[in-house]
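Read the structure below first, then the notes.
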Amino acid sequence: MKFSENWLRELVEFPAGHAALVERLTMAGLEVESDEMTGGALDGVIVARIVACDAHPDAGRLHVCRVETGQGEVQIVCGAPNARAGLVAPLATAGAKLPNGITIKPAKLRGVESQGMLCSAKELGIDADASGLMELPADAPAGRSLAAYLGLPDACIELSLTPNRADCLGMVGLADEVAAEFGTRAKRFAAVTVTATLSAPRAISLDASADCPRYLGRSVRGIDMAAVTPVWMAQRLRAAGVNPISVVVDISNYVMLETGQPMHAFDEAKLEGGLVVRRARTGETLTLLDGKAVTLDPGFLVIADGRKPLAVAGVMGGFDSRVTASTRDVFFEAAHFAPAAIMGRARKLGLTTDAAHRFERGVDPALPRLAIERATALLVNIAGGEPGEVIEAVSPEHLPKSMPVTLRRARIQRVLGIMVDDTAVEQIFTALGMLVEPQADGWRITPPSRRFDIAREEDLIEEVARIHGYVAIPARLPAGTPPSPRGDESLLPMPALRAGLAARDYREAVCYAFVDQRLLQTWKLATDAVPLANPLSAELALMRTALLPGLVDALRRNRNRQQTRVRLFESGVVFRQAAGQGEAPIETAMLAAAACGSAAAEQWGEPRRALDFFDVKGDLEALLALSGGPGAWTFDTSDLPPWLHPGRAARILREGQPTGFVGALHPSLQAALEVPETFVFEARLAPMRCRGIPVAKPLPRFPSLRRDIAIEVDESVAWSKVAAAIRSELQTIVNELVLFDCFHGPGLSAGRKSLAIGLILQDGSRTLTDEDADRCVADVVTLLEREFGAKLRG
């Protein structure tokens, strides 16, 4: 919400300067996002009229103008393309200093004397338009100070409003808020009722009355479209970031800014029959005001006549029924739409409009008639015309109703920690336009129809805190001793996993839970994806089904910014559609990592080496080791997803149950994503965090023995299976296993490999003898021969 401070001060008087106003708005929850002064240095700039405009004798793009200043004529050399006889424009006289720092002096331009400078709006710091001279109304008095004529200096203040404060999206509502904050009263806004001078009935039906419970319209015929928007109105529109277009459009925009009620004007000659508010039909098309053709579906609400749709309700009007320079009769509309009927519709069409911004948050259902009357009065006064009667269609049962809320005196003290005087509480709510009924233990308060955000006692307490002032609430620590937090010892804490990855040089990333459908399709992960009913944008339309697409995209962006070695991890929730109709999506907590570049950071102590599969698998195994149970985790190469390299990837299993995947991205996926060779892993968090409760054990009293053996097995036999078999059969005596060599080469049969294993043997009740060790080695060899066809090497 952007507005003119001067306009606000016309609606409410308050004893505060500009800086105090900005601070008070922010401290009351209406954050000031930007604050820009305009027209602050315009001494010596006056209104002037070009009497004659001739070509410069020595420059094709310059004009020599005779300019009336109110005290005579001066000669000005000007290069603006819109300079012409009769034009009224700002003139910076000799000695004037413009906001951009330029001091105007008499000068000769290509041999012709110039005694000042005709100015554009940008040169004066009023607007961003630098396309030509700032054009003022033809009746602007020559010689008058431009600042006085335009009501300058002024401040353009922009508020970043939270979605619950739609009541401040209009100047009248904002004035009431400021009045409450400063303990004053805003001037009463009452639109003058304009008497109809002709009969212009038109049928209006509400086929979607729950979505649009109120619709008003009014014809104004015989208007002069050549009428010029008054300078005061144009200046207020510019201050709000709205460019003046034409008298009818400007009045519609002005009334929206003033009241908060969006409006639209149709060319009445383009309407055929009565109007209907209905759901769009599947495949129905409409060309919008911006010239964009859109295809609608029943999720959209439209305003239509007897033959065609005219506008997307609450979003934008149609091109074919727009007001043009040839329009003589207009039909104003103002309606109340349920926020749910408008929410997300503009974004679905790739649009952002002021109307949708307001209707999505909720507009006062009492405003449409006030807005129609205000717009009619302004149009008749500025452009003439004869108004017809106000036509209204309403469904009272679907209009929102203000419900009273009980506020307890003791609850205010309990929540805020202070006692607020009863009189102050009543003054706060009265100033905010609420109906206050005292009760024995507090008040019964009914909010005005514009305050959709007041629904429970805590909402009222927040209003007390805002207006009373957060600075008036002392900061106190809570009393009592908080209980000591106790975590579940059977779960590995998340900070331990994060610290483990950080210690291995990974950086934590936080990615959007919303992703582009095309990205998921590239990964072949779009199956069962959950679509958003109200996406932020078309690129964020689906909930993620895995962490890796977003994480690898973050890796790509880092690579594009000259980061050659990138190691990222993320923990978060992924979403998939449930099997049953109407059931909530299935949420699964995951942990993922992605890495590319060199295995180690650049240094002098070891040569540079590219990252490989075993580096990332080692990082993963270091994490898995934190959960204990070294034999619980295994890897295999079955059922790999298509986005992994088939020869450099593995499936992660805990006690035989699939948990995730680790490996290199498939080369075709790397090419599609425009990333270098990248290694990743992603696994479910629940199995990774599950661990046995630590149990204290006495230190071993008896020494251990070590026996080394070398066995020959098939290439396909994984070391993890060998180790699991030994631990399973001889867990009481084999304390630890060490694989210290894996050999492929001469001396072995084709398709065979040699594994050199260290057996660490220990008994908790006695010292092992050589005979015990030999017997254990024999048992291991027998086991491996039986399970894997192993052969002991000499």
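All residue names refer to the structure tokens as shown: chains lettered A, B, ... in order, residues numbered from 1 in each chain, ligands numbered from 1 in order.
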
Inset, instruction - Write out as a list of chain:residue names which residues come within 9 Å of stretch 162-164 of chain A when counting only C-alpha atoms, dropping same-chain ones fewer than 2 positions away. - result: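 Final neighbour list, sorted by chain and number: A:Gly29, A:Leu30, A:Glu31, A:Ser160, A:Ala166, A:Asp167, A:Glu360, A:Arg361, A:Gly362, A:Arg451, A:Phe452, A:Asp453.
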
Can you list, as a JSON list (two decimals) with all heavy atoms, in the first residue's frame, every protein, DNA or RNA residue that comes within 8 Å of stretch 747-758 of chain A when you count only C-alpha atoms, leaving out same-chain residues fewer than 3 positions away?
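What follows is the written file selection.json:
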```json
[["chain", "number", "residue", "atom", "x", "y", "z"],
["A", 706, "ARG", "N", 44.79, -61.42, 17.38],
["A", 706, "ARG", "CA", 44.49, -61.11, 15.99],
["A", 706, "ARG", "C", 45.02, -62.24, 15.11],
["A", 706, "ARG", "O", 46.15, -62.69, 15.26],
["A", 706, "ARG", "CB", 45.12, -59.79, 15.56],
["A", 706, "ARG", "CG", 44.95, -59.51, 14.08],
["A", 706, "ARG", "CD", 45.27, -58.09, 13.69],
["A", 706, "ARG", "NE", 45.21, -57.92, 12.24],
["A", 706, "ARG", "CZ", 44.98, -56.77, 11.62],
["A", 706, "ARG", "NH1", 44.77, -55.68, 12.35],
["A", 706, "ARG", "NH2", 44.96, -56.70, 10.31],
["A", 707, "ARG", "N", 44.15, -62.64, 14.17],
["A", 707, "ARG", "CA", 44.54, -63.61, 13.16],
["A", 707, "ARG", "C", 44.13, -63.05, 11.79],
["A", 707, "ARG", "O", 43.00, -62.59, 11.62],
["A", 707, "ARG", "CB", 43.85, -64.96, 13.37],
["A", 707, "ARG", "CG", 44.31, -65.70, 14.61],
["A", 707, "ARG", "CD", 45.75, -66.18, 14.43],
["A", 707, "ARG", "NE", 46.19, -67.01, 15.55],
["A", 707, "ARG", "CZ", 46.79, -66.55, 16.63],
["A", 707, "ARG", "NH1", 47.04, -65.24, 16.75],
["A", 707, "ARG", "NH2", 47.16, -67.36, 17.60],
["A", 708, "ASP", "N", 45.08, -63.06, 10.86],
["A", 708, "ASP", "CA", 44.82, -62.57, 9.50],
["A", 708, "ASP", "C", 44.65, -63.75, 8.56],
["A", 708, "ASP", "O", 45.45, -64.71, 8.60],
["A", 708, "ASP", "CB", 45.96, -61.68, 9.02],
["A", 708, "ASP", "CG", 46.06, -60.39, 9.80],
["A", 708, "ASP", "OD1", 45.06, -60.04, 10.49],
["A", 708, "ASP", "OD2", 47.12, -59.73, 9.74],
["A", 709, "ILE", "N", 43.65, -63.66, 7.69],
["A", 709, "ILE", "CA", 43.45, -64.69, 6.68],
["A", 709, "ILE", "C", 43.20, -64.01, 5.34],
["A", 709, "ILE", "O", 42.77, -62.84, 5.29],
["A", 709, "ILE", "CB", 42.25, -65.61, 7.03],
["A", 709, "ILE", "CG1", 40.95, -64.79, 7.09],
["A", 709, "ILE", "CG2", 42.51, -66.37, 8.31],
["A", 709, "ILE", "CD1", 39.71, -65.66, 7.26],
["A", 710, "ALA", "N", 43.48, -64.73, 4.25],
["A", 710, "ALA", "CA", 43.18, -64.24, 2.90],
["A", 710, "ALA", "C", 42.32, -65.30, 2.23],
["A", 710, "ALA", "O", 42.69, -66.48, 2.20],
["A", 710, "ALA", "CB", 44.45, -63.99, 2.11],
["A", 711, "ILE", "N", 41.18, -64.88, 1.71],
["A", 711, "ILE", "CA", 40.27, -65.82, 1.05],
["A", 711, "ILE", "C", 40.04, -65.39, -0.38],
["A", 711, "ILE", "O", 40.13, -64.20, -0.72],
["A", 711, "ILE", "CB", 38.93, -65.92, 1.80],
["A", 711, "ILE", "CG1", 38.23, -64.55, 1.83],
["A", 711, "ILE", "CG2", 39.12, -66.47, 3.21],
["A", 711, "ILE", "CD1", 36.81, -64.60, 2.33],
["A", 712, "GLU", "N", 39.71, -66.35, -1.20],
["A", 712, "GLU", "CA", 39.40, -66.09, -2.60],
["A", 712, "GLU", "C", 37.90, -66.33, -2.80],
["A", 712, "GLU", "O", 37.37, -67.39, -2.45],
["A", 712, "GLU", "CB", 40.22, -67.01, -3.51],
["A", 712, "GLU", "CG", 39.97, -66.79, -5.00],
["A", 712, "GLU", "CD", 40.78, -67.76, -5.85],
["A", 712, "GLU", "OE1", 41.96, -68.00, -5.51],
["A", 712, "GLU", "OE2", 40.20, -68.27, -6.82],
["A", 713, "VAL", "N", 37.20, -65.29, -3.33],
["A", 713, "VAL", "CA", 35.76, -65.39, -3.57],
["A", 713, "VAL", "C", 35.44, -64.83, -4.95],
["A", 713, "VAL", "O", 36.29, -64.20, -5.61],
["A", 713, "VAL", "CB", 34.95, -64.62, -2.50],
["A", 713, "VAL", "CG1", 35.11, -65.24, -1.13],
["A", 713, "VAL", "CG2", 35.37, -63.15, -2.47],
["A", 714, "ASP", "N", 34.19, -65.03, -5.37],
["A", 714, "ASP", "CA", 33.75, -64.47, -6.65],
["A", 714, "ASP", "C", 33.72, -62.94, -6.58],
["A", 714, "ASP", "O", 33.50, -62.34, -5.51],
["A", 714, "ASP", "CB", 32.35, -64.98, -7.00],
["A", 714, "ASP", "CG", 32.36, -66.44, -7.41],
["A", 714, "ASP", "OD1", 33.44, -66.93, -7.80],
["A", 714, "ASP", "OD2", 31.30, -67.08, -7.33],
["A", 715, "GLU", "N", 33.93, -62.32, -7.74],
["A", 715, "GLU", "CA", 33.90, -60.86, -7.82],
["A", 715, "GLU", "C", 32.58, -60.28, -7.32],
["A", 715, "GLU", "O", 32.52, -59.18, -6.80],
["A", 715, "GLU", "CB", 34.11, -60.41, -9.28],
["A", 715, "GLU", "CG", 35.54, -60.55, -9.77],
["A", 715, "GLU", "CD", 36.37, -59.34, -9.40],
["A", 715, "GLU", "OE1", 35.88, -58.50, -8.61],
["A", 715, "GLU", "OE2", 37.50, -59.24, -9.88],
["A", 737, "LEU", "N", 36.18, -56.80, 12.87],
["A", 737, "LEU", "CA", 36.65, -57.27, 11.57],
["A", 737, "LEU", "C", 37.31, -56.13, 10.84],
["A", 737, "LEU", "O", 36.81, -54.98, 10.87],
["A", 737, "LEU", "CB", 35.47, -57.79, 10.73],
["A", 737, "LEU", "CG", 34.80, -59.09, 11.19],
["A", 737, "LEU", "CD1", 33.54, -59.33, 10.37],
["A", 737, "LEU", "CD2", 35.75, -60.26, 11.03],
["A", 738, "VAL", "N", 38.43, -56.42, 10.17],
["A", 738, "VAL", "CA", 39.14, -55.39, 9.41],
["A", 738, "VAL", "C", 39.43, -55.94, 8.02],
["A", 738, "VAL", "O", 40.05, -57.02, 7.89],
["A", 738, "VAL", "CB", 40.46, -54.97, 10.09],
["A", 738, "VAL", "CG1", 41.17, -53.92, 9.25],
["A", 738, "VAL", "CG2", 40.20, -54.47, 11.49],
["A", 739, "LEU", "N", 38.96, -55.25, 6.98],
["A", 739, "LEU", "CA", 39.34, -55.60, 5.61],
["A", 739, "LEU", "C", 40.53, -54.72, 5.25],
["A", 739, "LEU", "O", 40.38, -53.52, 5.07],
["A", 739, "LEU", "CB", 38.17, -55.35, 4.65],
["A", 739, "LEU", "CG", 38.46, -55.60, 3.16],
["A", 739, "LEU", "CD1", 38.72, -57.08, 2.90],
["A", 739, "LEU", "CD2", 37.32, -55.10, 2.28],
["A", 740, "PHE", "N", 41.73, -55.32, 5.15],
["A", 740, "PHE", "CA", 42.90, -54.48, 4.91],
["A", 740, "PHE", "C", 43.50, -54.66, 3.52],
["A", 740, "PHE", "O", 44.48, -54.00, 3.17],
["A", 740, "PHE", "CB", 43.97, -54.73, 5.99],
["A", 740, "PHE", "CG", 44.49, -56.14, 6.06],
["A", 740, "PHE", "CD1", 45.57, -56.55, 5.28],
["A", 740, "PHE", "CD2", 43.91, -57.06, 6.94],
["A", 740, "PHE", "CE1", 46.06, -57.84, 5.36],
["A", 740, "PHE", "CE2", 44.41, -58.36, 7.02],
["A", 740, "PHE", "CZ", 45.48, -58.76, 6.24],
["A", 741, "ASP", "N", 42.88, -55.52, 2.69],
["A", 741, "ASP", "CA", 43.37, -55.61, 1.31],
["A", 741, "ASP", "C", 42.30, -56.28, 0.46],
["A", 741, "ASP", "O", 41.59, -57.19, 0.91],
["A", 741, "ASP", "CB", 44.66, -56.41, 1.24],
["A", 741, "ASP", "CG", 45.27, -56.36, -0.18],
["A", 741, "ASP", "OD1", 45.22, -55.27, -0.78],
["A", 741, "ASP", "OD2", 45.75, -57.40, -0.65],
["A", 742, "CYS", "N", 42.19, -55.79, -0.78],
["A", 742, "CYS", "CA", 41.30, -56.40, -1.78],
["A", 742, "CYS", "C", 42.12, -56.46, -3.07],
["A", 742, "CYS", "O", 42.49, -55.42, -3.62],
["A", 742, "CYS", "CB", 40.03, -55.57, -1.96],
["A", 742, "CYS", "SG", 38.87, -56.28, -3.14],
["A", 743, "PHE", "N", 42.39, -57.69, -3.55],
["A", 743, "PHE", "CA", 43.33, -57.87, -4.66],
["A", 743, "PHE", "C", 42.64, -58.51, -5.85],
["A", 743, "PHE", "O", 41.88, -59.47, -5.72],
["A", 743, "PHE", "CB", 44.51, -58.75, -4.20],
["A", 743, "PHE", "CG", 45.46, -59.10, -5.30],
["A", 743, "PHE", "CD1", 46.30, -58.14, -5.85],
["A", 743, "PHE", "CD2", 45.51, -60.41, -5.81],
["A", 743, "PHE", "CE1", 47.18, -58.47, -6.88],
["A", 743, "PHE", "CE2", 46.39, -60.73, -6.84],
["A", 743, "PHE", "CZ", 47.23, -59.76, -7.38],
["A", 744, "HIS", "N", 42.90, -57.94, -7.04],
["A", 744, "HIS", "CA", 42.46, -58.50, -8.31],
["A", 744, "HIS", "C", 43.70, -58.62, -9.19],
["A", 744, "HIS", "O", 44.41, -57.63, -9.35],
["A", 744, "HIS", "CB", 41.44, -57.59, -9.01],
["A", 744, "HIS", "CG", 40.29, -57.17, -8.16],
["A", 744, "HIS", "ND1", 39.05, -57.72, -8.26],
["A", 744, "HIS", "CD2", 40.21, -56.23, -7.18],
["A", 744, "HIS", "CE1", 38.24, -57.14, -7.38],
["A", 744, "HIS", "NE2", 38.92, -56.23, -6.71]]
```

Inset, instruction - Name the residues of stretch 283-462 of chain A that come out as alpha helix (DSSP H) in a backbone DSSP run; write them as a PyMOL selection string. - result: chain A and resi 339-342+345-348+354-361+367-383+409-416+422-431+457-462

Legend entry - Contacts of A:Gly40 within 9 Å, only C-alpha atoms, excl. fewer than 3 positions in-chain, as a PyMOL selection string: chain A and resi 37+43+99+125+147+152-154

Env of stretch 665-674 of chain A: 6 Å cut, atoms = only C-alpha atoms, seq-sep filter 6 positions within chain, self excluded. Answer as a short mmCIF file (atom, residue, chain, number, x, y, z; two decimals) with N, CA and C atoms, in the first residue's frame.
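The new file result26.cif reads:
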```
data_model
loop_
_atom_site.label_atom_id
_atom_site.label_comp_id
_atom_site.auth_asym_id
_atom_site.auth_seq_id
_atom_site.Cartn_x
_atom_site.Cartn_y
_atom_site.Cartn_z
N TRP A 643 17.55 -41.97 -12.24
CA TRP A 643 18.37 -40.76 -12.19
C TRP A 643 19.78 -41.02 -11.66
N LEU A 644 20.09 -42.28 -11.30
CA LEU A 644 21.43 -42.62 -10.83
C LEU A 644 22.22 -43.36 -11.90
N HIS A 645 23.54 -43.21 -11.86
CA HIS A 645 24.44 -43.92 -12.78
C HIS A 645 24.36 -45.42 -12.45
#
```

Inset, instruction - Would you kindly return, as number ranges by chain, each protein, DNA or RNA residue with an atom no farther than 10 Å from any atom of stretch 544-551 of chain A, considering only C-alpha atoms and excluding same-chain residues fewer than 3 positions away? - result: A: 508-517, 519-520, 522-523, 525-531, 540-541, 554-557, 568-577, 586-595, 673, 680-683

Inset, instruction - Pick out the residues sitting within 9 Å of stretch 429-433 of chain A, and hand them over as a list in words; count only C-alpha atoms, and ignore anything fewer than 5 positions along from it in its own chain. - result: Asp176, Glu177, Ala179, Ala180, Glu181, Gly183, Thr184, Arg185, Ala424, Ile445, Pro447, Pro448, Leu460, Glu463 and Val464 of chain A

Please produce a file of the residues just selected, as an mmCIF file, in the first residue's frame, where the atoms kept are C-alpha atoms.
```
data_model
loop_
_atom_site.group_PDB
_atom_site.id
_atom_site.type_symbol
_atom_site.label_atom_id
_atom_site.label_comp_id
_atom_site.auth_asym_id
_atom_site.auth_seq_id
_atom_site.Cartn_x
_atom_site.Cartn_y
_atom_site.Cartn_z
ATOM 1 C CA ASP A 176 -9.037 5.394 11.036
ATOM 2 C CA GLU A 177 -5.989 3.332 12.034
ATOM 3 C CA ALA A 179 -6.443 8.237 14.325
ATOM 4 C CA ALA A 180 -6.558 5.364 16.815
ATOM 5 C CA GLU A 181 -2.769 5.288 17.101
ATOM 6 C CA GLY A 183 -5.701 9.284 19.945
ATOM 7 C CA THR A 184 -7.579 11.540 17.516
ATOM 8 C CA ARG A 185 -10.581 11.076 15.213
ATOM 9 C CA ALA A 424 -8.000 3.233 27.889
ATOM 10 C CA ILE A 445 -16.847 -6.164 21.461
ATOM 11 C CA PRO A 447 -15.720 -5.410 15.194
ATOM 12 C CA PRO A 448 -16.708 -3.348 12.144
ATOM 13 C CA LEU A 460 -8.547 -8.083 20.612
ATOM 14 C CA GLU A 463 -5.183 -4.567 19.212
ATOM 15 C CA VAL A 464 -4.742 -3.353 22.790
#
```

Inset, instruction - Step one, run DSSP on the backbone; step two, keep only residues of stretch 217-283 of chain A assigned to strand (DSSP E); then write them as an MDAnalysis selection string. - result: chainID A and resid 217:221 264:267 275:279

Just all heavy atoms for this one: save the residues we selected as a compact mmCIF listing (two decimals), in the first residue's frame.
```
# COMPACT_ATOMS: atom_id res chain seq x y z
N GLY A 217 -24.25 -2.03 -9.77
CA GLY A 217 -23.88 -1.39 -11.03
C GLY A 217 -24.64 -0.10 -11.23
O GLY A 217 -25.69 0.14 -10.60
N ARG A 218 -24.10 0.75 -12.09
CA ARG A 218 -24.78 2.03 -12.37
C ARG A 218 -24.32 2.57 -13.71
O ARG A 218 -23.12 2.57 -14.00
CB ARG A 218 -24.47 3.04 -11.28
CG ARG A 218 -25.24 4.35 -11.40
CD ARG A 218 -24.96 5.28 -10.27
NE ARG A 218 -26.09 6.14 -9.98
CZ ARG A 218 -26.18 6.95 -8.94
NH1 ARG A 218 -25.17 7.00 -8.07
NH2 ARG A 218 -27.24 7.71 -8.75
N SER A 219 -25.24 3.05 -14.50
CA SER A 219 -24.92 3.67 -15.78
C SER A 219 -24.75 5.17 -15.61
O SER A 219 -25.48 5.81 -14.84
CB SER A 219 -26.05 3.41 -16.79
OG SER A 219 -26.19 2.03 -17.05
N VAL A 220 -23.78 5.72 -16.31
CA VAL A 220 -23.62 7.18 -16.44
C VAL A 220 -23.47 7.45 -17.93
O VAL A 220 -22.50 6.99 -18.54
CB VAL A 220 -22.41 7.70 -15.65
CG1 VAL A 220 -22.33 9.22 -15.78
CG2 VAL A 220 -22.48 7.30 -14.19
N ARG A 221 -24.40 8.18 -18.49
CA ARG A 221 -24.44 8.35 -19.93
C ARG A 221 -24.14 9.79 -20.34
O ARG A 221 -24.43 10.74 -19.61
CB ARG A 221 -25.82 7.94 -20.47
CG ARG A 221 -26.10 6.45 -20.24
CD ARG A 221 -27.49 6.05 -20.68
NE ARG A 221 -27.70 4.62 -20.48
CZ ARG A 221 -28.88 4.01 -20.62
NH1 ARG A 221 -29.96 4.72 -20.96
NH2 ARG A 221 -28.97 2.70 -20.43
N HIS A 264 -14.68 -1.29 -11.50
CA HIS A 264 -14.40 -1.44 -12.93
C HIS A 264 -15.47 -0.68 -13.70
O HIS A 264 -16.61 -0.55 -13.23
CB HIS A 264 -14.39 -2.90 -13.34
CG HIS A 264 -14.00 -3.11 -14.78
ND1 HIS A 264 -12.76 -2.75 -15.27
CD2 HIS A 264 -14.70 -3.60 -15.84
CE1 HIS A 264 -12.71 -3.03 -16.57
NE2 HIS A 264 -13.87 -3.55 -16.93
N ALA A 265 -15.09 -0.18 -14.86
CA ALA A 265 -16.03 0.54 -15.72
C ALA A 265 -16.08 -0.15 -17.08
O ALA A 265 -15.04 -0.36 -17.72
CB ALA A 265 -15.61 1.99 -15.87
N PHE A 266 -17.28 -0.52 -17.52
CA PHE A 266 -17.50 -1.09 -18.85
C PHE A 266 -17.99 0.00 -19.79
O PHE A 266 -18.64 0.96 -19.36
CB PHE A 266 -18.58 -2.18 -18.81
CG PHE A 266 -18.23 -3.39 -17.98
CD1 PHE A 266 -18.88 -3.64 -16.78
CD2 PHE A 266 -17.26 -4.28 -18.41
CE1 PHE A 266 -18.58 -4.75 -16.02
CE2 PHE A 266 -16.94 -5.41 -17.66
CZ PHE A 266 -17.60 -5.63 -16.46
N ASP A 267 -17.68 -0.13 -21.06
CA ASP A 267 -18.33 0.68 -22.08
C ASP A 267 -19.73 0.10 -22.25
O ASP A 267 -19.91 -1.03 -22.70
CB ASP A 267 -17.55 0.58 -23.40
CG ASP A 267 -18.10 1.51 -24.47
OD1 ASP A 267 -19.32 1.80 -24.43
OD2 ASP A 267 -17.33 1.92 -25.35
N LEU A 275 -26.60 -8.73 -16.81
CA LEU A 275 -25.30 -9.23 -16.35
C LEU A 275 -25.52 -10.39 -15.40
O LEU A 275 -26.52 -10.45 -14.67
CB LEU A 275 -24.51 -8.12 -15.64
CG LEU A 275 -24.16 -6.89 -16.47
CD1 LEU A 275 -23.34 -5.92 -15.63
CD2 LEU A 275 -23.39 -7.27 -17.71
N VAL A 276 -24.57 -11.30 -15.40
CA VAL A 276 -24.62 -12.45 -14.51
C VAL A 276 -23.24 -12.71 -13.94
O VAL A 276 -22.23 -12.59 -14.64
CB VAL A 276 -25.15 -13.71 -15.26
CG1 VAL A 276 -24.27 -14.06 -16.45
CG2 VAL A 276 -25.24 -14.90 -14.32
N VAL A 277 -23.20 -13.00 -12.65
CA VAL A 277 -21.96 -13.41 -12.00
C VAL A 277 -22.03 -14.94 -11.87
O VAL A 277 -22.89 -15.47 -11.18
CB VAL A 277 -21.80 -12.77 -10.61
CG1 VAL A 277 -20.44 -13.13 -10.01
CG2 VAL A 277 -21.94 -11.26 -10.71
N ARG A 278 -21.13 -15.63 -12.55
CA ARG A 278 -21.19 -17.10 -12.61
C ARG A 278 -19.78 -17.68 -12.66
O ARG A 278 -18.80 -16.95 -12.84
CB ARG A 278 -21.97 -17.55 -13.84
CG ARG A 278 -21.37 -17.07 -15.16
CD ARG A 278 -22.05 -17.72 -16.34
NE ARG A 278 -21.64 -17.17 -17.63
CZ ARG A 278 -20.53 -17.50 -18.29
NH1 ARG A 278 -19.68 -18.37 -17.75
NH2 ARG A 278 -20.24 -16.96 -19.46
N ARG A 279 -19.71 -18.99 -12.54
CA ARG A 279 -18.46 -19.70 -12.74
C ARG A 279 -18.16 -19.79 -14.23
O ARG A 279 -19.07 -19.93 -15.05
CB ARG A 279 -18.54 -21.11 -12.15
CG ARG A 279 -18.49 -21.14 -10.63
CD ARG A 279 -17.08 -20.90 -10.15
NE ARG A 279 -16.99 -20.76 -8.69
CZ ARG A 279 -15.86 -20.55 -8.06
NH1 ARG A 279 -14.74 -20.44 -8.74
NH2 ARG A 279 -15.83 -20.44 -6.75
```

Inset, instruction - Can you pull out every residue within 9 Å of A:Val51, counting only C-alpha atoms, but drop anything in the same chain fewer than 4 positions away, and send it as a PyMOL selection string? - result: chain A and resi 65-68+73+84-87

Selection above as a file: all heavy atoms, as a short mmCIF file (atom, residue, chain, number, x, y, z; two decimals), in the first residue's frame:
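In the end it all went to again-v4.cif:
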```
data_model
loop_
_atom_site.label_atom_id
_atom_site.label_comp_id
_atom_site.auth_asym_id
_atom_site.auth_seq_id
_atom_site.Cartn_x
_atom_site.Cartn_y
_atom_site.Cartn_z
N CYS A 65 11.38 28.19 -27.84
CA CYS A 65 10.02 28.43 -27.35
C CYS A 65 9.94 29.82 -26.70
O CYS A 65 10.86 30.24 -25.99
CB CYS A 65 9.61 27.38 -26.32
SG CYS A 65 9.73 25.69 -26.93
N ARG A 66 8.81 30.48 -26.95
CA ARG A 66 8.47 31.68 -26.19
C ARG A 66 7.49 31.24 -25.11
O ARG A 66 6.45 30.63 -25.39
CB ARG A 66 7.84 32.75 -27.08
CG ARG A 66 8.85 33.48 -27.96
CD ARG A 66 8.26 34.72 -28.61
NE ARG A 66 7.15 34.42 -29.51
CZ ARG A 66 5.89 34.81 -29.30
NH1 ARG A 66 5.59 35.49 -28.21
NH2 ARG A 66 4.96 34.51 -30.18
N VAL A 67 7.87 31.52 -23.86
CA VAL A 67 7.14 30.95 -22.72
C VAL A 67 6.60 32.06 -21.85
O VAL A 67 7.33 32.99 -21.45
CB VAL A 67 8.07 30.03 -21.89
CG1 VAL A 67 7.34 29.46 -20.69
CG2 VAL A 67 8.62 28.91 -22.76
N GLU A 68 5.28 31.97 -21.53
CA GLU A 68 4.62 32.92 -20.65
C GLU A 68 4.83 32.50 -19.20
O GLU A 68 4.54 31.36 -18.81
CB GLU A 68 3.12 32.96 -20.96
CG GLU A 68 2.27 33.74 -19.96
CD GLU A 68 2.67 35.21 -19.89
OE1 GLU A 68 2.91 35.82 -20.95
OE2 GLU A 68 2.75 35.74 -18.76
N GLU A 73 7.21 37.25 -20.96
CA GLU A 73 7.65 36.10 -21.74
C GLU A 73 9.17 35.96 -21.70
O GLU A 73 9.89 36.96 -21.65
CB GLU A 73 7.18 36.22 -23.19
CG GLU A 73 5.67 36.16 -23.34
CD GLU A 73 5.23 36.23 -24.80
OE1 GLU A 73 6.12 36.29 -25.69
OE2 GLU A 73 4.01 36.21 -25.06
N ARG A 84 5.25 22.08 -27.61
CA ARG A 84 4.35 22.62 -28.64
C ARG A 84 3.67 23.86 -28.09
O ARG A 84 3.58 24.07 -26.88
CB ARG A 84 3.30 21.58 -29.03
CG ARG A 84 2.40 21.15 -27.90
CD ARG A 84 1.49 20.00 -28.28
NE ARG A 84 0.55 19.65 -27.21
CZ ARG A 84 0.84 18.85 -26.20
NH1 ARG A 84 2.04 18.30 -26.11
NH2 ARG A 84 -0.07 18.60 -25.27
N ALA A 85 3.18 24.66 -29.00
CA ALA A 85 2.46 25.87 -28.61
C ALA A 85 1.19 25.48 -27.86
O ALA A 85 0.47 24.56 -28.26
CB ALA A 85 2.13 26.70 -29.84
N GLY A 86 0.92 26.19 -26.75
CA GLY A 86 -0.26 25.93 -25.95
C GLY A 86 -0.03 24.98 -24.79
O GLY A 86 -0.87 24.87 -23.90
N LEU A 87 1.10 24.26 -24.80
CA LEU A 87 1.36 23.31 -23.72
C LEU A 87 1.70 24.05 -22.43
O LEU A 87 2.48 25.00 -22.44
CB LEU A 87 2.54 22.40 -24.11
CG LEU A 87 3.00 21.42 -23.02
CD1 LEU A 87 1.93 20.38 -22.74
CD2 LEU A 87 4.31 20.75 -23.42
#
```

Inset, instruction - Grab the atom CA of A:Gly143 to atom CA of A:Ile50 distance for me, in Å with one decimal place. - result: 12.2 Å
